[in-house]
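What follows is the content of run31.pdb, which has PDB, C-alpha atoms:
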```pdb
MODEL        1
ATOM      1  CA  MET A   1     218.908  69.746 266.860
ATOM      2  CA  GLU A   2     220.943  67.379 264.685
ATOM      3  CA  THR A   3     220.834  68.038 260.968
ATOM      4  CA  LYS A   4     219.162  65.309 258.932
ATOM      5  CA  LYS A   5     221.697  64.746 256.159
ATOM      6  CA  GLN A   6     219.154  62.826 254.104
ATOM      7  CA  LEU A   7     217.187  65.888 253.017
ATOM      8  CA  HIS A   8     218.469  68.273 250.354
ATOM      9  CA  PRO A   9     220.901  70.817 251.846
ATOM     10  CA  ARG A  10     218.579  73.711 250.902
ATOM     11  CA  ASN A  11     215.498  72.016 252.357
ATOM     12  CA  LYS A  12     214.189  74.190 255.194
ATOM     13  CA  HIS A  13     213.120  71.082 257.103
ATOM     14  CA  ASN A  14     216.457  69.288 257.334
ATOM     15  CA  LYS A  15     216.756  70.171 261.018
ATOM     16  CA  GLY A  16     213.399  68.700 261.946
ATOM     17  CA  TYR A  17     210.277  70.477 263.156
ATOM     18  CA  VAL A  18     210.677  73.372 265.581
ATOM     19  CA  PHE A  19     207.230  73.080 267.153
ATOM     20  CA  GLU A  20     207.543  76.203 269.302
ATOM     21  CA  GLU A  21     208.049  78.292 266.167
ATOM     22  CA  LEU A  22     205.314  76.505 264.227
ATOM     23  CA  ILE A  23     202.755  76.836 267.032
ATOM     24  CA  ALA A  24     203.553  80.544 267.329
ATOM     25  CA  THR A  25     202.568  80.911 263.668
ATOM     26  CA  TYR A  26     199.625  78.499 263.767
ATOM     27  CA  PRO A  27     198.323  78.027 267.356
ATOM     28  CA  LYS A  28     195.863  75.244 266.399
ATOM     29  CA  LEU A  29     198.823  72.913 265.879
ATOM     30  CA  LYS A  30     199.270  72.837 269.666
ATOM     31  CA  ASP A  31     196.170  70.623 269.964
ATOM     32  CA  TYR A  32     198.037  67.795 268.210
ATOM     33  CA  VAL A  33     201.540  68.075 269.695
ATOM     34  CA  PHE A  34     202.621  65.737 272.500
ATOM     35  CA  ILE A  35     205.821  64.387 274.077
ATOM     36  CA  ASN A  36     206.672  60.889 272.843
ATOM     37  CA  ALA A  37     208.421  58.045 274.691
ATOM     38  CA  TYR A  38     211.807  59.519 273.766
ATOM     39  CA  GLY A  39     210.989  62.879 275.334
ATOM     40  CA  LYS A  40     210.579  64.673 271.993
ATOM     41  CA  GLU A  41     207.699  66.772 270.706
ATOM     42  CA  THR A  42     205.798  65.192 267.828
ATOM     43  CA  ILE A  43     202.308  64.588 266.411
ATOM     44  CA  ASP A  44     200.348  61.421 265.606
ATOM     45  CA  PHE A  45     201.082  61.030 261.886
ATOM     46  CA  SER A  46     198.208  58.545 261.519
ATOM     47  CA  LEU A  47     195.697  61.359 262.125
ATOM     48  CA  PRO A  48     194.916  63.311 258.925
ATOM     49  CA  ASP A  49     193.845  66.406 260.902
ATOM     50  CA  ALA A  50     197.168  66.429 262.758
ATOM     51  CA  VAL A  51     199.171  66.085 259.538
ATOM     52  CA  LYS A  52     197.160  68.839 257.885
ATOM     53  CA  ALA A  53     197.711  71.147 260.867
ATOM     54  CA  LEU A  54     201.454  70.470 260.738
ATOM     55  CA  ASN A  55     201.589  71.137 256.996
ATOM     56  CA  LYS A  56     199.570  74.318 257.338
ATOM     57  CA  SER A  57     201.953  75.582 260.022
ATOM     58  CA  LEU A  58     204.966  74.798 257.813
ATOM     59  CA  LEU A  59     203.500  76.645 254.839
ATOM     60  CA  LEU A  60     202.503  79.654 256.942
ATOM     61  CA  THR A  61     205.927  79.797 258.603
ATOM     62  CA  TYR A  62     208.279  79.149 255.686
ATOM     63  CA  TYR A  63     206.524  79.617 252.343
ATOM     64  CA  LYS A  64     204.721  83.003 252.357
ATOM     65  CA  VAL A  65     201.303  81.323 252.407
ATOM     66  CA  HIS A  66     198.463  83.021 254.282
ATOM     67  CA  PHE A  67     195.661  80.629 253.327
ATOM     68  CA  TRP A  68     195.884  76.867 252.730
ATOM     69  CA  ASP A  69     192.834  74.651 252.979
ATOM     70  CA  PHE A  70     191.068  71.946 250.987
ATOM     71  CA  PRO A  71     188.462  69.178 251.546
ATOM     72  CA  LYS A  72     189.360  66.362 253.945
ATOM     73  CA  THR A  73     188.862  63.865 251.125
ATOM     74  CA  ASN A  74     191.843  65.220 249.191
ATOM     75  CA  LEU A  75     195.467  64.219 249.487
ATOM     76  CA  CYS A  76     197.489  65.945 252.217
ATOM     77  CA  PRO A  77     201.100  65.939 250.993
ATOM     78  CA  PRO A  78     204.236  65.660 253.187
ATOM     79  CA  ILE A  79     205.873  69.089 252.852
ATOM     80  CA  PRO A  80     209.560  68.103 253.373
ATOM     81  CA  GLY A  81     209.403  65.423 250.662
ATOM     82  CA  ARG A  82     207.667  67.727 248.185
ATOM     83  CA  ALA A  83     210.249  70.440 248.910
ATOM     84  CA  ASP A  84     213.055  67.956 248.195
ATOM     85  CA  TYR A  85     211.677  67.310 244.701
ATOM     86  CA  ILE A  86     211.663  71.062 244.021
ATOM     87  CA  HIS A  87     215.239  71.552 245.255
ATOM     88  CA  TYR A  88     216.671  68.613 243.292
ATOM     89  CA  LEU A  89     214.775  69.850 240.249
ATOM     90  CA  ALA A  90     216.438  73.253 240.722
ATOM     91  CA  ASP A  91     219.834  71.514 240.669
ATOM     92  CA  LEU A  92     218.846  69.736 237.449
ATOM     93  CA  LEU A  93     217.876  73.034 235.816
ATOM     94  CA  ALA A  94     221.222  74.503 236.846
ATOM     95  CA  THR A  95     222.981  72.029 234.528
ATOM     96  CA  SER A  96     221.366  73.870 231.621
ATOM     97  CA  TYR A  97     221.993  77.332 233.075
ATOM     98  CA  LYS A  98     225.803  77.280 233.321
ATOM     99  CA  GLY A  99     225.733  75.720 236.776
ATOM    100  CA  LYS A 100     223.600  78.491 238.280
ATOM    101  CA  ILE A 101     220.116  77.773 239.641
ATOM    102  CA  PRO A 102     217.689  79.825 237.545
ATOM    103  CA  THR A 103     215.243  81.932 239.538
ATOM    104  CA  GLY A 104     212.461  84.385 238.844
ATOM    105  CA  ARG A 105     209.278  84.558 236.828
ATOM    106  CA  ASN A 106     210.962  83.714 233.515
ATOM    107  CA  ILE A 107     211.323  80.118 234.705
ATOM    108  CA  LYS A 108     208.088  78.234 234.060
ATOM    109  CA  GLY A 109     207.016  74.805 235.205
ATOM    110  CA  LEU A 110     204.096  72.564 234.310
ATOM    111  CA  ASP A 111     202.604  70.656 237.250
ATOM    112  CA  ILE A 112     200.718  67.611 235.968
ATOM    113  CA  GLY A 113     197.994  66.866 238.544
ATOM    114  CA  VAL A 114     198.298  69.988 240.670
ATOM    115  CA  GLY A 115     195.636  68.612 243.029
ATOM    116  CA  ALA A 116     193.539  70.480 245.558
ATOM    117  CA  ASN A 117     196.583  71.510 247.622
ATOM    118  CA  CYS A 118     198.701  73.371 245.014
ATOM    119  CA  ILE A 119     201.829  72.234 246.834
ATOM    120  CA  TYR A 120     204.483  72.280 244.106
ATOM    121  CA  PRO A 121     203.590  75.770 242.812
ATOM    122  CA  ILE A 122     203.584  77.070 246.400
ATOM    123  CA  ILE A 123     207.058  75.737 247.205
ATOM    124  CA  GLY A 124     208.593  76.424 243.789
ATOM    125  CA  ASN A 125     207.292  79.987 243.708
ATOM    126  CA  SER A 126     208.312  80.750 247.293
ATOM    127  CA  GLU A 127     211.804  79.239 247.058
ATOM    128  CA  TYR A 128     212.794  80.261 243.539
ATOM    129  CA  GLY A 129     210.169  82.703 242.227
ATOM    130  CA  TRP A 130     209.142  80.325 239.421
ATOM    131  CA  GLN A 131     205.873  80.550 237.520
ATOM    132  CA  PHE A 132     203.624  77.506 237.181
ATOM    133  CA  VAL A 133     200.827  76.125 235.077
ATOM    134  CA  GLY A 134     198.914  73.489 237.029
ATOM    135  CA  THR A 135     196.641  70.969 235.311
ATOM    136  CA  GLU A 136     193.992  68.762 236.860
ATOM    137  CA  THR A 137     191.324  66.301 235.656
ATOM    138  CA  ASP A 138     189.152  66.650 238.786
ATOM    139  CA  VAL A 139     187.015  69.815 238.738
ATOM    140  CA  PRO A 140     186.378  70.057 242.540
ATOM    141  CA  SER A 141     190.119  69.673 243.198
ATOM    142  CA  LEU A 142     190.913  72.411 240.684
ATOM    143  CA  LYS A 143     188.354  74.716 242.326
ATOM    144  CA  SER A 144     189.985  74.134 245.708
ATOM    145  CA  CYS A 145     193.397  74.852 244.217
ATOM    146  CA  ALA A 146     192.033  78.018 242.585
ATOM    147  CA  GLN A 147     190.823  79.213 245.982
ATOM    148  CA  ILE A 148     194.334  78.800 247.422
ATOM    149  CA  VAL A 149     195.802  80.798 244.527
ATOM    150  CA  GLU A 150     193.130  83.492 244.801
ATOM    151  CA  LYS A 151     193.635  83.973 248.552
ATOM    152  CA  ASN A 152     197.424  84.214 248.386
ATOM    153  CA  GLU A 153     198.621  87.380 246.689
ATOM    154  CA  SER A 154     202.086  85.885 246.150
ATOM    155  CA  LEU A 155     200.572  83.226 243.858
ATOM    156  CA  GLN A 156     197.993  85.222 241.932
ATOM    157  CA  LYS A 157     200.279  86.377 239.104
ATOM    158  CA  ASP A 158     202.457  83.286 238.996
ATOM    159  CA  VAL A 159     200.064  80.309 238.968
ATOM    160  CA  ILE A 160     197.738  79.504 236.071
ATOM    161  CA  LEU A 161     195.322  76.566 236.342
ATOM    162  CA  ARG A 162     193.954  74.475 233.469
ATOM    163  CA  ILE A 163     191.395  71.694 233.447
ATOM    164  CA  GLN A 164     192.379  68.544 231.567
ATOM    165  CA  SER A 165     189.011  67.441 230.236
ATOM    166  CA  ASN A 166     190.272  64.195 228.670
ATOM    167  CA  LYS A 167     191.642  61.855 231.360
ATOM    168  CA  ARG A 168     193.508  59.856 228.719
ATOM    169  CA  ASN A 169     195.614  62.879 227.800
ATOM    170  CA  ILE A 170     198.488  64.240 229.847
ATOM    171  CA  PHE A 171     200.149  66.925 227.707
ATOM    172  CA  LYS A 172     197.608  67.415 224.930
ATOM    173  CA  ASN A 173     195.499  70.487 225.848
ATOM    174  CA  SER A 174     197.839  71.067 228.806
ATOM    175  CA  ILE A 175     200.740  72.351 226.704
ATOM    176  CA  LEU A 176     199.392  74.974 224.317
ATOM    177  CA  GLU A 177     200.927  76.005 220.990
ATOM    178  CA  ASN A 178     202.987  78.913 222.335
ATOM    179  CA  ASP A 179     203.884  77.397 225.711
ATOM    180  CA  ARG A 180     207.489  76.864 226.644
ATOM    181  CA  PHE A 181     208.348  75.161 229.936
ATOM    182  CA  ASP A 182     211.649  74.758 231.722
ATOM    183  CA  PHE A 183     210.331  71.668 233.447
ATOM    184  CA  VAL A 184     207.424  69.309 233.977
ATOM    185  CA  ILE A 185     206.832  68.086 237.537
ATOM    186  CA  CYS A 186     204.482  65.234 238.399
ATOM    187  CA  ASN A 187     203.421  63.107 241.345
ATOM    188  CA  PRO A 188     201.543  60.337 239.506
ATOM    189  CA  PRO A 189     198.867  58.082 241.013
ATOM    190  CA  PHE A 190     200.886  55.090 242.191
ATOM    191  CA  HIS A 191     198.288  52.350 242.608
ATOM    192  CA  ASN A 192     196.364  50.133 240.188
ATOM    193  CA  SER A 193     193.106  50.118 242.138
ATOM    194  CA  ARG A 194     191.282  51.149 245.272
ATOM    195  CA  GLU A 195     192.155  47.768 246.827
ATOM    196  CA  GLU A 196     195.878  48.301 246.221
ATOM    197  CA  ALA A 197     195.656  51.830 247.656
ATOM    198  CA  THR A 198     193.873  50.473 250.752
ATOM    199  CA  LYS A 199     196.657  47.926 251.264
ATOM    200  CA  GLY A 200     199.154  50.776 251.051
ATOM    201  CA  THR A 201     197.266  52.675 253.738
ATOM    202  CA  ARG A 202     197.222  49.604 255.995
ATOM    203  CA  ARG A 203     200.967  49.257 255.493
ATOM    204  CA  LYS A 204     201.524  52.896 256.510
ATOM    205  CA  LEU A 205     199.448  52.366 259.611
ATOM    206  CA  ARG A 206     201.398  49.242 260.558
ATOM    207  CA  ASN A 207     204.630  51.189 260.191
ATOM    208  CA  LEU A 208     203.203  53.806 262.543
ATOM    209  CA  GLY A 209     202.105  51.101 264.988
ATOM    210  CA  LYS A 210     198.440  52.004 264.547
ATOM    211  CA  ALA A 211     196.991  48.988 262.745
ATOM    212  CA  LYS A 212     194.799  46.646 264.803
ATOM    213  CA  GLU A 213     192.714  43.624 263.873
ATOM    214  CA  GLY A 214     189.116  44.567 263.253
ATOM    215  CA  LYS A 215     189.862  48.284 263.393
ATOM    216  CA  PRO A 216     188.772  50.315 260.345
ATOM    217  CA  VAL A 217     191.570  51.665 258.184
ATOM    218  CA  LEU A 218     192.230  55.288 259.046
ATOM    219  CA  ASN A 219     191.981  57.753 256.210
ATOM    220  CA  PHE A 220     195.263  59.119 254.909
ATOM    221  CA  SER A 221     193.066  61.025 252.463
ATOM    222  CA  GLY A 222     193.182  61.151 248.698
ATOM    223  CA  GLN A 223     190.666  61.084 245.879
ATOM    224  CA  ASN A 224     190.533  58.242 243.348
ATOM    225  CA  ASN A 225     192.492  60.183 240.717
ATOM    226  CA  GLU A 226     195.183  61.122 243.267
ATOM    227  CA  LEU A 227     195.894  57.596 244.486
ATOM    228  CA  TRP A 228     195.154  55.135 241.711
ATOM    229  CA  THR A 229     194.625  54.801 237.984
ATOM    230  CA  GLU A 230     194.200  51.885 235.600
ATOM    231  CA  GLY A 231     197.633  50.332 235.194
ATOM    232  CA  GLY A 232     199.019  52.348 238.107
ATOM    233  CA  GLU A 233     202.247  54.316 238.017
ATOM    234  CA  LEU A 234     203.712  52.131 235.267
ATOM    235  CA  ALA A 235     200.911  52.958 232.815
ATOM    236  CA  PHE A 236     200.689  56.639 233.787
ATOM    237  CA  VAL A 237     204.384  57.478 233.393
ATOM    238  CA  THR A 238     204.632  55.342 230.235
ATOM    239  CA  ASN A 239     201.817  57.485 228.818
ATOM    240  CA  MET A 240     203.735  60.595 229.849
ATOM    241  CA  ILE A 241     206.830  59.393 228.025
ATOM    242  CA  TYR A 242     205.097  58.707 224.712
ATOM    243  CA  GLU A 243     203.056  61.934 224.826
ATOM    244  CA  SER A 244     206.110  63.999 225.725
ATOM    245  CA  ALA A 245     207.663  63.080 222.366
ATOM    246  CA  HIS A 246     205.026  65.262 220.699
ATOM    247  CA  PHE A 247     206.143  68.312 222.699
ATOM    248  CA  LYS A 248     209.903  67.711 222.671
ATOM    249  CA  LYS A 249     210.912  71.285 221.763
ATOM    250  CA  GLN A 250     208.496  72.946 224.155
ATOM    251  CA  CYS A 251     210.049  71.654 227.366
ATOM    252  CA  LEU A 252     213.615  71.545 228.645
ATOM    253  CA  TRP A 253     213.183  68.687 231.178
ATOM    254  CA  PHE A 254     210.255  66.322 231.670
ATOM    255  CA  THR A 255     210.216  64.720 235.139
ATOM    256  CA  SER A 256     208.049  62.447 237.276
ATOM    257  CA  LEU A 257     208.288  60.841 240.676
ATOM    258  CA  VAL A 258     208.758  57.069 240.514
ATOM    259  CA  SER A 259     207.559  55.181 243.577
ATOM    260  CA  LYS A 260     208.513  51.677 242.474
ATOM    261  CA  LYS A 261     212.193  51.183 241.625
ATOM    262  CA  GLU A 262     211.380  48.176 239.424
ATOM    263  CA  ASN A 263     209.523  50.511 237.043
ATOM    264  CA  LEU A 264     212.717  52.351 236.102
ATOM    265  CA  LYS A 265     213.913  49.707 233.649
ATOM    266  CA  PRO A 266     210.716  49.743 231.512
ATOM    267  CA  PHE A 267     210.709  53.555 231.629
ATOM    268  CA  TYR A 268     214.272  53.655 230.310
ATOM    269  CA  ASN A 269     213.289  51.227 227.535
ATOM    270  CA  HIS A 270     210.340  53.418 226.523
ATOM    271  CA  LEU A 271     212.515  56.544 226.592
ATOM    272  CA  LYS A 272     214.984  54.854 224.270
ATOM    273  CA  LYS A 273     212.134  54.087 221.854
ATOM    274  CA  VAL A 274     211.044  57.752 221.738
ATOM    275  CA  ASN A 275     214.668  58.886 221.264
ATOM    276  CA  ALA A 276     215.100  60.857 224.468
ATOM    277  CA  LEU A 277     218.630  62.263 224.277
ATOM    278  CA  GLU A 278     219.411  62.199 227.984
ATOM    279  CA  VAL A 279     217.746  60.419 230.914
ATOM    280  CA  LYS A 280     218.546  60.818 234.606
ATOM    281  CA  THR A 281     217.303  59.165 237.771
ATOM    282  CA  ILE A 282     217.714  61.409 240.793
ATOM    283  CA  GLU A 283     217.417  59.786 244.219
ATOM    284  CA  MET A 284     216.154  61.583 247.325
ATOM    285  CA  GLU A 285     216.404  60.406 250.919
ATOM    286  CA  GLN A 286     213.829  61.406 253.506
ATOM    287  CA  GLY A 287     214.374  59.741 256.865
ATOM    288  CA  ASN A 288     214.327  55.987 256.247
ATOM    289  CA  LYS A 289     212.579  56.417 252.909
ATOM    290  CA  ILE A 290     214.361  56.588 249.561
ATOM    291  CA  SER A 291     212.381  58.126 246.727
ATOM    292  CA  ARG A 292     213.370  59.210 243.262
ATOM    293  CA  PHE A 293     212.315  61.024 240.149
ATOM    294  CA  ILE A 294     213.142  60.309 236.544
ATOM    295  CA  ALA A 295     214.030  63.140 234.154
ATOM    296  CA  TRP A 296     214.385  63.163 230.387
ATOM    297  CA  THR A 297     214.969  65.643 227.599
ATOM    298  CA  PHE A 298     214.794  65.620 223.809
ATOM    299  CA  LEU A 299     217.183  68.548 223.424
ATOM    300  CA  THR A 300     220.844  68.243 222.567
ATOM    301  CA  GLU A 301     223.462  69.421 225.039
ATOM    302  CA  GLU A 302     224.011  72.552 222.952
ATOM    303  CA  GLN A 303     220.287  73.294 222.831
ATOM    304  CA  ARG A 304     220.040  72.848 226.598
ATOM    305  CA  GLU A 305     222.938  75.215 227.200
ATOM    306  CA  ASN A 306     221.308  77.797 224.936
ATOM    307  CA  TRP A 307     217.766  77.139 226.176
ATOM    308  CA  ALA A 308     217.210  80.718 227.282
ATOM    309  CA  ILE A 309     217.681  82.002 223.746
ATOM    310  CA  ILE A 310     216.053  79.194 221.734
ATOM    311  CA  LEU A 311     213.619  80.723 219.220
ATOM    312  CA  TRP A 312     210.416  79.116 218.032
ATOM    313  CA  GLU A 313     210.719  77.314 214.786
TER     314      GLU A 313
ENDMDL
END
```
Please express the file's structure as structure tokens.
Amino acid sequence: METKKQLHPRNKHNKGYVFEELIATYPKLKDYVFINAYGKETIDFSLPDAVKALNKSLLLTYYKVHFWDFPKTNLCPPIPGRADYIHYLADLLATSYKGKIPTGRNIKGLDIGVGANCIYPIIGNSEYGWQFVGTETDVPSLKSCAQIVEKNESLQKDVILRIQSNKRNIFKNSILENDRFDFVICNPPFHNSREEATKGTRRKLRNLGKAKEGKPVLNFSGQNNELWTEGGELAFVTNMIYESAHFKKQCLWFTSLVSKKENLKPFYNHLKKVNALEVKTIEMEQGNKISRFIAWTFLTEEQRENWAIILWE
């Protein structure tokens, strides 16, 4: 199988899906696999149950997960894309660790909006042994995430979950007084409203050749707080930037996915206002899709190089 050069070199999915191997691990996936017009095995990516079965098989096969389930109403994330974020983040951390990717339980990340699926802690812990704190505003989602952690021994000691009771806050009450994080990771709600999210779903379906006049929009899944927020991605990440300035010495790198490229310019302007000392935009390619995350730090180059031995003031 030809290597997909677009994915990160360490991404376990850069050679495509080996369905024989995945079905051997998770036999239920077989119900959704078929041969397409090009003679290749695939699934119908417009069917949430098929996507969830594929993701479950990937996690069981490659990421030491024995249990992974959550309500159908919650977001079902694409595993290869989420893994790419983790791997590029590891490369970013290496710039502060003398060029070596830091691994093990001493490396701690804060996942803003961990969701019901716990995907970033699963991949980050499996690939690099990192610890995570995951925060969430939605109680049912957090309970689902807690069940995943509880039923996977590999996660029990390395994933802590916290409820964010105030939806206006991002870091307040999420970063505690004695916390120290190597990174923040975030997949923010992209849309302004339910209507905008619905249009996005219709667009996905058209791209998959599944949209028809008069046919109801199929459910790609996702709760309100996962898909949209007032002001959309622009407002959410702007909030992150201004709040992060209050925790500048407690985190090495703050990062967030950015769906809309046109939002980068205002983000850079806001980061200049809060005196971020270095800002990076890291692009990721997944198939025909180009995504990116923005990263910023308030620490000097010397402080970043000596991060492992920085003492509390």
Q. What does the PyMOL selection byres ((chain A and resi 188) around 7) select in this file, as a ChimeraX atom specification?
A. /A:186-187,189-190,233,236,257
Would you export the selected residues with C-alpha atoms as a tab-separated table (two decimals), in the coordinates of the input, please?
```
chain	number	residue	atom	x	y	z
A	186	CYS	CA	204.48	65.23	238.40
A	187	ASN	CA	203.42	63.11	241.34
A	189	PRO	CA	198.87	58.08	241.01
A	190	PHE	CA	200.89	55.09	242.19
A	233	GLU	CA	202.25	54.32	238.02
A	236	PHE	CA	200.69	56.64	233.79
A	257	LEU	CA	208.29	60.84	240.68
```
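The gap separating CA of Val139 in chain A from CA of Trp253 in chain A is 27.3 Å, in Å to one decimal.
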Skip range 122-128 of chain A itself and residues of its chain fewer than 6 positions away, then list as a PDB file with C-alpha atoms, in the coordinates of the input all residues within 9 Å of it, counting all atoms listed in the file.
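Saved result, around.pdb, follows:
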```
ATOM      1  CA  LEU A  59     203.500  76.645 254.839  1.00  0.00           C
ATOM      2  CA  TYR A  62     208.279  79.149 255.686  1.00  0.00           C
ATOM      3  CA  TYR A  63     206.524  79.617 252.343  1.00  0.00           C
ATOM      4  CA  LYS A  64     204.721  83.003 252.357  1.00  0.00           C
ATOM      5  CA  VAL A  65     201.303  81.323 252.407  1.00  0.00           C
ATOM      6  CA  ILE A  79     205.873  69.089 252.852  1.00  0.00           C
ATOM      7  CA  ARG A  82     207.667  67.727 248.185  1.00  0.00           C
ATOM      8  CA  ALA A  83     210.249  70.440 248.910  1.00  0.00           C
ATOM      9  CA  ILE A  86     211.663  71.062 244.021  1.00  0.00           C
ATOM     10  CA  HIS A  87     215.239  71.552 245.255  1.00  0.00           C
ATOM     11  CA  ALA A  90     216.438  73.253 240.722  1.00  0.00           C
ATOM     12  CA  ILE A 101     220.116  77.773 239.641  1.00  0.00           C
ATOM     13  CA  PRO A 102     217.689  79.825 237.545  1.00  0.00           C
ATOM     14  CA  THR A 103     215.243  81.932 239.538  1.00  0.00           C
ATOM     15  CA  GLY A 104     212.461  84.385 238.844  1.00  0.00           C
ATOM     16  CA  ARG A 105     209.278  84.558 236.828  1.00  0.00           C
ATOM     17  CA  ILE A 107     211.323  80.118 234.705  1.00  0.00           C
ATOM     18  CA  GLY A 109     207.016  74.805 235.205  1.00  0.00           C
ATOM     19  CA  VAL A 149     195.802  80.798 244.527  1.00  0.00           C
ATOM     20  CA  SER A 154     202.086  85.885 246.150  1.00  0.00           C
ATOM     21  CA  LEU A 155     200.572  83.226 243.858  1.00  0.00           C
ATOM     22  CA  ASP A 158     202.457  83.286 238.996  1.00  0.00           C
ATOM     23  CA  VAL A 159     200.064  80.309 238.968  1.00  0.00           C
TER      24      VAL A 159
END
```
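Shortest separation to Leu271 in chain A among A:Ser141, A:Asn117, A:Thr297, A:Asn178 occurs at residue A:Thr297, atoms counted being all atoms listed in the file.
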Q: Could you check which of A:Asp69, A:Glu283, A:Glu177, A:Asp49 is closest to Leu89 in chain A, using all atoms listed in the file?
A: A:Glu283
